[in-house]
Structure formats: structure tokens, C-alpha cells
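S.K.: Quick one: this structure, given as C-alpha cells, is what I'll be asking you about.
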Amino acid sequence: MKHRFENHDLQTERTSQLVDVTDDVRAVVERAGVANGMALVYSPHTTCAVLINERESGFADDFAELLDQIIPAEDRYYRHDDLDIRTEGIEDDTADFPNGHSHCRAGLMASFSQTVPVVDGNLLLGKWQRIFFCELDRARPRKLFIQVIGE
């Protein structure tokens, strides 16, 4: 059995940004030399997601708008942002960048990873499917882990 693990560093630019990582995943599959197996794409961040959808600007804009309607970043009280009651996971800049909405969005999506079959050395994606890293918080450095296993 073959195995390859890679860490890919990303710099996001804004909330609800969809970063197409499909070509990165394909390149890892190629470097792994796996003919048949699977590719796991994983975000180690609690305010990000990995999703599979169509690369189309209308979708990206609709998705960002929907997230903002369902779980708005402003004009809503989040206990996670209330530092009078929050006692865990506090960093130096927590007060400057409240992100209760980001954690709720990630919880609703519950997609920190996606697994895609590899068949005959190729990702088995549908005709229009692409793999996206989704920023649910603010612009910042991020990591994406890609692991390929198989024979």
C-alpha cells in the first residue's frame, strides 16, 4: 500500500471565500503514484470547511449570502463572543475578532474533510465537481492536509 501526506499552506482573503484546491489534490494523487485508493482533504481549523461543489461565481456569491442570512456575522448575540462569560480558547486577539458566527457556520456545515475515490490514478469527481477550502472566519493563514492512500 502506498501513502502520501502533504500540508498545503493557504492565505485566505475574506470570509465565505471558496479556494479551489482540486488541482492541488490531483497533483498529490499523481505524486503518490496511487492507481486505486482514496484522497482525503482535511482542514485542521474549526472555522473552515472542505466542500465539493461546482466552480461557478453565482454559486460562490449565493453561498456567501446564504451563510450570512442563516448565521449573520453582525447584529446577533453569540455567547462565544461574550468575553464576560467565555473562559476557553481565548487568544490575544479574540476581543478584536469575534468569530462566534464562524464556529456556528462550521458546526452547521460539519464538513472539515472530504474523501474522494481514486480510480485508475484519477480523482473520481463528477463532471462539474471541484474541491473547495471554505474560509468561514476572516482572512488569515490556513493549512490544508491532503492524504492519499491506496495501491
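Just so we're on the same page: first chain in the C-alpha cells is A, next is B, and so on; residues restart at 1 for each chain, and ligands are numbered from 1 in the order they show up.
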Residues within 12 Å of Glu56 of chain A, please, as a ChimeraX atom specification. Count only C-alpha atoms; anything in the same chain fewer than 3 positions from it doesn't count.
M.R.: /A:18-20,53,59-63,128-130,132
S.K.: Using all heavy atoms, can you write the selected residues to a file as a short mmCIF file (atom, residue, chain, number, x, y, z; two decimals), in the first residue's frame?
M.R.:
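Written file, out.cif:
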```
data_model
loop_
_atom_site.label_atom_id
_atom_site.label_comp_id
_atom_site.auth_asym_id
_atom_site.auth_seq_id
_atom_site.Cartn_x
_atom_site.Cartn_y
_atom_site.Cartn_z
N LEU A 18 -14.21 30.76 -1.19
CA LEU A 18 -14.03 29.39 -1.64
C LEU A 18 -12.73 29.32 -2.44
O LEU A 18 -12.60 29.97 -3.47
CB LEU A 18 -15.20 28.96 -2.53
CG LEU A 18 -16.57 28.93 -1.86
CD1 LEU A 18 -17.64 28.57 -2.88
CD2 LEU A 18 -16.59 27.96 -0.70
N VAL A 19 -11.78 28.56 -1.94
CA VAL A 19 -10.49 28.39 -2.61
C VAL A 19 -10.51 27.03 -3.30
O VAL A 19 -10.60 25.99 -2.63
CB VAL A 19 -9.32 28.46 -1.61
CG1 VAL A 19 -7.99 28.26 -2.32
CG2 VAL A 19 -9.35 29.78 -0.83
N ASP A 20 -10.43 27.01 -4.61
CA ASP A 20 -10.46 25.77 -5.37
C ASP A 20 -9.11 25.07 -5.21
O ASP A 20 -8.07 25.58 -5.64
CB ASP A 20 -10.74 26.07 -6.85
CG ASP A 20 -10.97 24.83 -7.68
OD1 ASP A 20 -10.55 23.72 -7.27
OD2 ASP A 20 -11.58 24.96 -8.75
N ASN A 53 -18.36 21.09 -4.72
CA ASN A 53 -19.46 21.72 -5.43
C ASN A 53 -18.96 22.18 -6.79
O ASN A 53 -17.84 21.87 -7.18
CB ASN A 53 -20.05 22.88 -4.62
CG ASN A 53 -21.52 23.05 -4.85
OD1 ASN A 53 -21.95 23.27 -5.97
ND2 ASN A 53 -22.30 22.93 -3.78
N PHE A 59 -22.79 30.50 -7.74
CA PHE A 59 -22.85 29.65 -6.55
C PHE A 59 -22.06 30.27 -5.41
O PHE A 59 -22.54 30.32 -4.28
CB PHE A 59 -22.34 28.23 -6.83
CG PHE A 59 -22.02 27.49 -5.55
CD1 PHE A 59 -23.04 27.05 -4.72
CD2 PHE A 59 -20.72 27.27 -5.16
CE1 PHE A 59 -22.76 26.40 -3.53
CE2 PHE A 59 -20.42 26.63 -3.98
CZ PHE A 59 -21.44 26.18 -3.16
N ALA A 60 -20.84 30.71 -5.68
CA ALA A 60 -20.00 31.27 -4.62
C ALA A 60 -20.67 32.46 -3.95
O ALA A 60 -20.68 32.56 -2.72
CB ALA A 60 -18.64 31.67 -5.19
N ASP A 61 -21.25 33.34 -4.74
CA ASP A 61 -21.94 34.51 -4.19
C ASP A 61 -23.20 34.10 -3.45
O ASP A 61 -23.50 34.62 -2.37
CB ASP A 61 -22.27 35.51 -5.29
CG ASP A 61 -21.03 36.14 -5.91
OD1 ASP A 61 -19.95 36.07 -5.28
OD2 ASP A 61 -21.14 36.69 -7.02
N ASP A 62 -23.97 33.17 -4.02
CA ASP A 62 -25.19 32.68 -3.35
C ASP A 62 -24.86 32.01 -2.03
O ASP A 62 -25.57 32.19 -1.03
CB ASP A 62 -25.94 31.69 -4.24
CG ASP A 62 -26.58 32.34 -5.45
OD1 ASP A 62 -26.73 33.57 -5.47
OD2 ASP A 62 -26.92 31.58 -6.39
N PHE A 63 -23.79 31.23 -2.02
CA PHE A 63 -23.39 30.51 -0.81
C PHE A 63 -23.00 31.49 0.29
O PHE A 63 -23.43 31.35 1.44
CB PHE A 63 -22.23 29.56 -1.14
CG PHE A 63 -21.83 28.66 -0.01
CD1 PHE A 63 -22.68 27.66 0.43
CD2 PHE A 63 -20.61 28.81 0.60
CE1 PHE A 63 -22.31 26.82 1.47
CE2 PHE A 63 -20.22 27.98 1.63
CZ PHE A 63 -21.08 26.98 2.07
N TRP A 128 -18.76 18.43 -13.09
CA TRP A 128 -18.67 19.82 -12.65
C TRP A 128 -18.11 19.96 -11.24
O TRP A 128 -17.95 21.07 -10.75
CB TRP A 128 -20.04 20.48 -12.72
CG TRP A 128 -20.63 20.44 -14.09
CD1 TRP A 128 -21.68 19.67 -14.50
CD2 TRP A 128 -20.18 21.15 -15.25
NE1 TRP A 128 -21.92 19.87 -15.84
CE2 TRP A 128 -21.01 20.78 -16.33
CE3 TRP A 128 -19.15 22.06 -15.48
CZ2 TRP A 128 -20.86 21.29 -17.60
CZ3 TRP A 128 -19.01 22.57 -16.76
CH2 TRP A 128 -19.85 22.19 -17.80
N GLN A 129 -17.81 18.85 -10.59
CA GLN A 129 -17.38 18.91 -9.19
C GLN A 129 -15.94 19.41 -9.05
O GLN A 129 -15.06 19.01 -9.80
CB GLN A 129 -17.50 17.54 -8.52
CG GLN A 129 -18.92 17.14 -8.25
CD GLN A 129 -19.00 15.81 -7.53
OE1 GLN A 129 -18.24 14.89 -7.80
NE2 GLN A 129 -19.93 15.72 -6.60
N ARG A 130 -15.76 20.25 -8.04
CA ARG A 130 -14.45 20.76 -7.65
C ARG A 130 -14.37 20.66 -6.13
O ARG A 130 -15.38 20.64 -5.44
CB ARG A 130 -14.25 22.21 -8.09
CG ARG A 130 -14.45 22.47 -9.58
CD ARG A 130 -13.38 21.88 -10.43
NE ARG A 130 -12.12 22.62 -10.25
CZ ARG A 130 -11.01 22.37 -10.92
NH1 ARG A 130 -10.98 21.40 -11.80
NH2 ARG A 130 -9.92 23.07 -10.71
N PHE A 132 -13.26 22.47 -2.68
CA PHE A 132 -13.02 23.82 -2.17
C PHE A 132 -12.64 23.82 -0.70
O PHE A 132 -13.22 23.08 0.10
CB PHE A 132 -14.27 24.68 -2.33
CG PHE A 132 -14.67 24.94 -3.74
CD1 PHE A 132 -15.64 24.16 -4.34
CD2 PHE A 132 -14.08 25.95 -4.47
CE1 PHE A 132 -16.03 24.38 -5.66
CE2 PHE A 132 -14.45 26.18 -5.79
CZ PHE A 132 -15.42 25.40 -6.38
#
```
S.K.: Excluding Met1 of chain A and residues on its chain fewer than 6 positions from it, collect all residues at most 12 Å away from it, counting only C-alpha atoms, and give them as JSON, numbers by chain.
M.R.: {"A": [32, 33, 34, 35, 36, 37, 38, 148, 149, 150, 151]}
S.K.: Interatomic distance between atom CA of Glu6 of chain A and atom CA of Arg31 of chain A?
M.R.: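 Distance between the two atoms: 10.2 Å.
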S.K.: Need the shell around Gly89 of chain A: protein/DNA/RNA residues with any atom at most 12 Å away, counting only C-alpha atoms. Skip same-chain ones fewer than 6 positions apart. Format as a PyMOL selection string?
M.R.: chain A and resi 46+80-81+83+95+99-100
S.K.: From the options A:Leu125, A:Ile90, A:Leu108, A:Val118, which residue's atoms come nearest to Ala49 of chain A, counting only C-alpha atoms?
M.R.: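 Counting only C-alpha atoms, the residue closest to Ala49 of chain A is A:Leu108.
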S.K.: Please, which residues of segment 26-131 of chain A, numbered as in this document, come out strand (DSSP E or B) from DSSP, as a PyMOL selection string?
M.R.: chain A and resi 37-42+48-54+113-119+122-123+129-131
S.K.: Hey, can you spit out that residue selection with N, CA and C atoms as a tab-separated table (two decimals), in the first residue's frame?
M.R.:
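Result written to selection.tsv:
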```tsv
chain	number	residue	atom	x	y	z
A	37	GLY	N	-7.45	3.97	-4.83
A	37	GLY	CA	-7.45	4.24	-3.39
A	37	GLY	C	-8.36	5.39	-3.08
A	38	MET	N	-7.86	6.30	-2.24
A	38	MET	CA	-8.67	7.46	-1.88
A	38	MET	C	-7.79	8.64	-1.51
A	39	ALA	N	-8.36	9.82	-1.70
A	39	ALA	CA	-7.69	11.07	-1.32
A	39	ALA	C	-8.55	11.74	-0.25
A	40	LEU	N	-7.94	12.01	0.89
A	40	LEU	CA	-8.60	12.70	1.98
A	40	LEU	C	-8.12	14.15	1.98
A	41	VAL	N	-9.05	15.08	2.01
A	41	VAL	CA	-8.73	16.50	2.05
A	41	VAL	C	-9.31	17.02	3.36
A	42	TYR	N	-8.46	17.54	4.25
A	42	TYR	CA	-8.87	17.85	5.62
A	42	TYR	C	-8.40	19.24	6.07
A	48	CYS	N	-13.30	26.63	9.38
A	48	CYS	CA	-13.16	26.40	7.94
A	48	CYS	C	-13.89	25.11	7.60
A	49	ALA	N	-14.08	24.88	6.32
A	49	ALA	CA	-14.72	23.65	5.85
A	49	ALA	C	-14.10	23.24	4.52
A	50	VAL	N	-14.30	22.00	4.17
A	50	VAL	CA	-13.91	21.48	2.87
A	50	VAL	C	-15.20	20.99	2.22
A	51	LEU	N	-15.50	21.46	1.03
A	51	LEU	CA	-16.73	21.05	0.38
A	51	LEU	C	-16.50	20.78	-1.09
A	52	ILE	N	-17.39	20.00	-1.64
A	52	ILE	CA	-17.36	19.67	-3.06
A	52	ILE	C	-18.59	20.29	-3.69
A	53	ASN	N	-18.36	21.09	-4.72
A	53	ASN	CA	-19.46	21.72	-5.43
A	53	ASN	C	-18.96	22.18	-6.79
A	54	GLU	N	-19.75	22.98	-7.45
A	54	GLU	CA	-19.44	23.48	-8.78
A	54	GLU	C	-18.68	24.80	-8.68
A	113	SER	N	-13.73	17.72	6.30
A	113	SER	CA	-12.97	16.92	5.34
A	113	SER	C	-13.90	16.34	4.29
A	114	GLN	N	-13.28	15.93	3.20
A	114	GLN	CA	-13.96	15.20	2.13
A	114	GLN	C	-13.01	14.10	1.69
A	115	THR	N	-13.59	12.97	1.34
A	115	THR	CA	-12.81	11.86	0.81
A	115	THR	C	-13.31	11.57	-0.60
A	116	VAL	N	-12.36	11.49	-1.53
A	116	VAL	CA	-12.70	11.28	-2.94
A	116	VAL	C	-12.01	10.00	-3.41
A	117	PRO	N	-12.74	9.10	-4.06
A	117	PRO	CA	-12.10	7.89	-4.59
A	117	PRO	C	-11.06	8.23	-5.66
A	118	VAL	N	-10.02	7.43	-5.69
A	118	VAL	CA	-9.03	7.49	-6.76
A	118	VAL	C	-9.16	6.19	-7.55
A	119	VAL	N	-9.44	6.31	-8.84
A	119	VAL	CA	-9.62	5.14	-9.71
A	119	VAL	C	-8.76	5.35	-10.96
A	122	ASN	N	-6.86	8.62	-11.11
A	122	ASN	CA	-7.59	9.88	-11.22
A	122	ASN	C	-8.59	10.06	-10.09
A	123	LEU	N	-8.77	11.32	-9.67
A	123	LEU	CA	-9.84	11.62	-8.72
A	123	LEU	C	-11.18	11.33	-9.40
A	129	GLN	N	-17.81	18.85	-10.59
A	129	GLN	CA	-17.38	18.91	-9.19
A	129	GLN	C	-15.94	19.41	-9.05
A	130	ARG	N	-15.76	20.25	-8.04
A	130	ARG	CA	-14.45	20.76	-7.65
A	130	ARG	C	-14.37	20.66	-6.13
A	131	ILE	N	-13.16	20.65	-5.61
A	131	ILE	CA	-12.95	20.58	-4.16
A	131	ILE	C	-12.55	21.98	-3.69
```
S.K.: Using 10 Å as the limit and counting only C-alpha atoms, can you tabulate each residue of segment 43-109 of chain A that touches segment 139-142 of chain A, with its shortest atom-to-atom distance in Å and the two atoms involved, as CSV?
M.R.:
```
residue,atom,partner,partner_atom,distance
A:Ser43,CA,A:Arg142,CA,8.4
A:Pro44,CA,A:Arg142,CA,8.6
A:His45,CA,A:Arg142,CA,7.7
A:Cys48,CA,A:Arg142,CA,8.9
```
S.K.: Would you save the residues of that selection, restricted to all heavy atoms, as a compact mmCIF listing (two decimals), in the first residue's frame?
M.R.:
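Written file, out08.txt:
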```txt
# COMPACT_ATOMS: atom_id res chain seq x y z
N SER A 43 -9.28 19.97 6.72
CA SER A 43 -8.94 21.25 7.31
C SER A 43 -8.80 21.08 8.82
O SER A 43 -9.74 20.64 9.48
CB SER A 43 -10.04 22.28 7.05
OG SER A 43 -9.84 23.41 7.90
N PRO A 44 -7.64 21.46 9.39
CA PRO A 44 -7.47 21.35 10.84
C PRO A 44 -7.97 22.59 11.60
O PRO A 44 -7.58 22.81 12.73
CB PRO A 44 -5.95 21.19 10.99
CG PRO A 44 -5.41 22.03 9.87
CD PRO A 44 -6.39 21.84 8.72
N HIS A 45 -8.83 23.37 10.97
CA HIS A 45 -9.32 24.61 11.58
C HIS A 45 -10.81 24.50 11.91
O HIS A 45 -11.59 24.01 11.08
CB HIS A 45 -9.11 25.79 10.63
CG HIS A 45 -7.69 25.93 10.19
ND1 HIS A 45 -6.69 26.40 11.02
CD2 HIS A 45 -7.09 25.64 9.01
CE1 HIS A 45 -5.54 26.40 10.35
NE2 HIS A 45 -5.76 25.94 9.14
N CYS A 48 -13.30 26.63 9.38
CA CYS A 48 -13.16 26.40 7.94
C CYS A 48 -13.89 25.11 7.60
O CYS A 48 -14.27 24.34 8.47
CB CYS A 48 -11.69 26.26 7.55
SG CYS A 48 -10.75 27.78 7.77
```
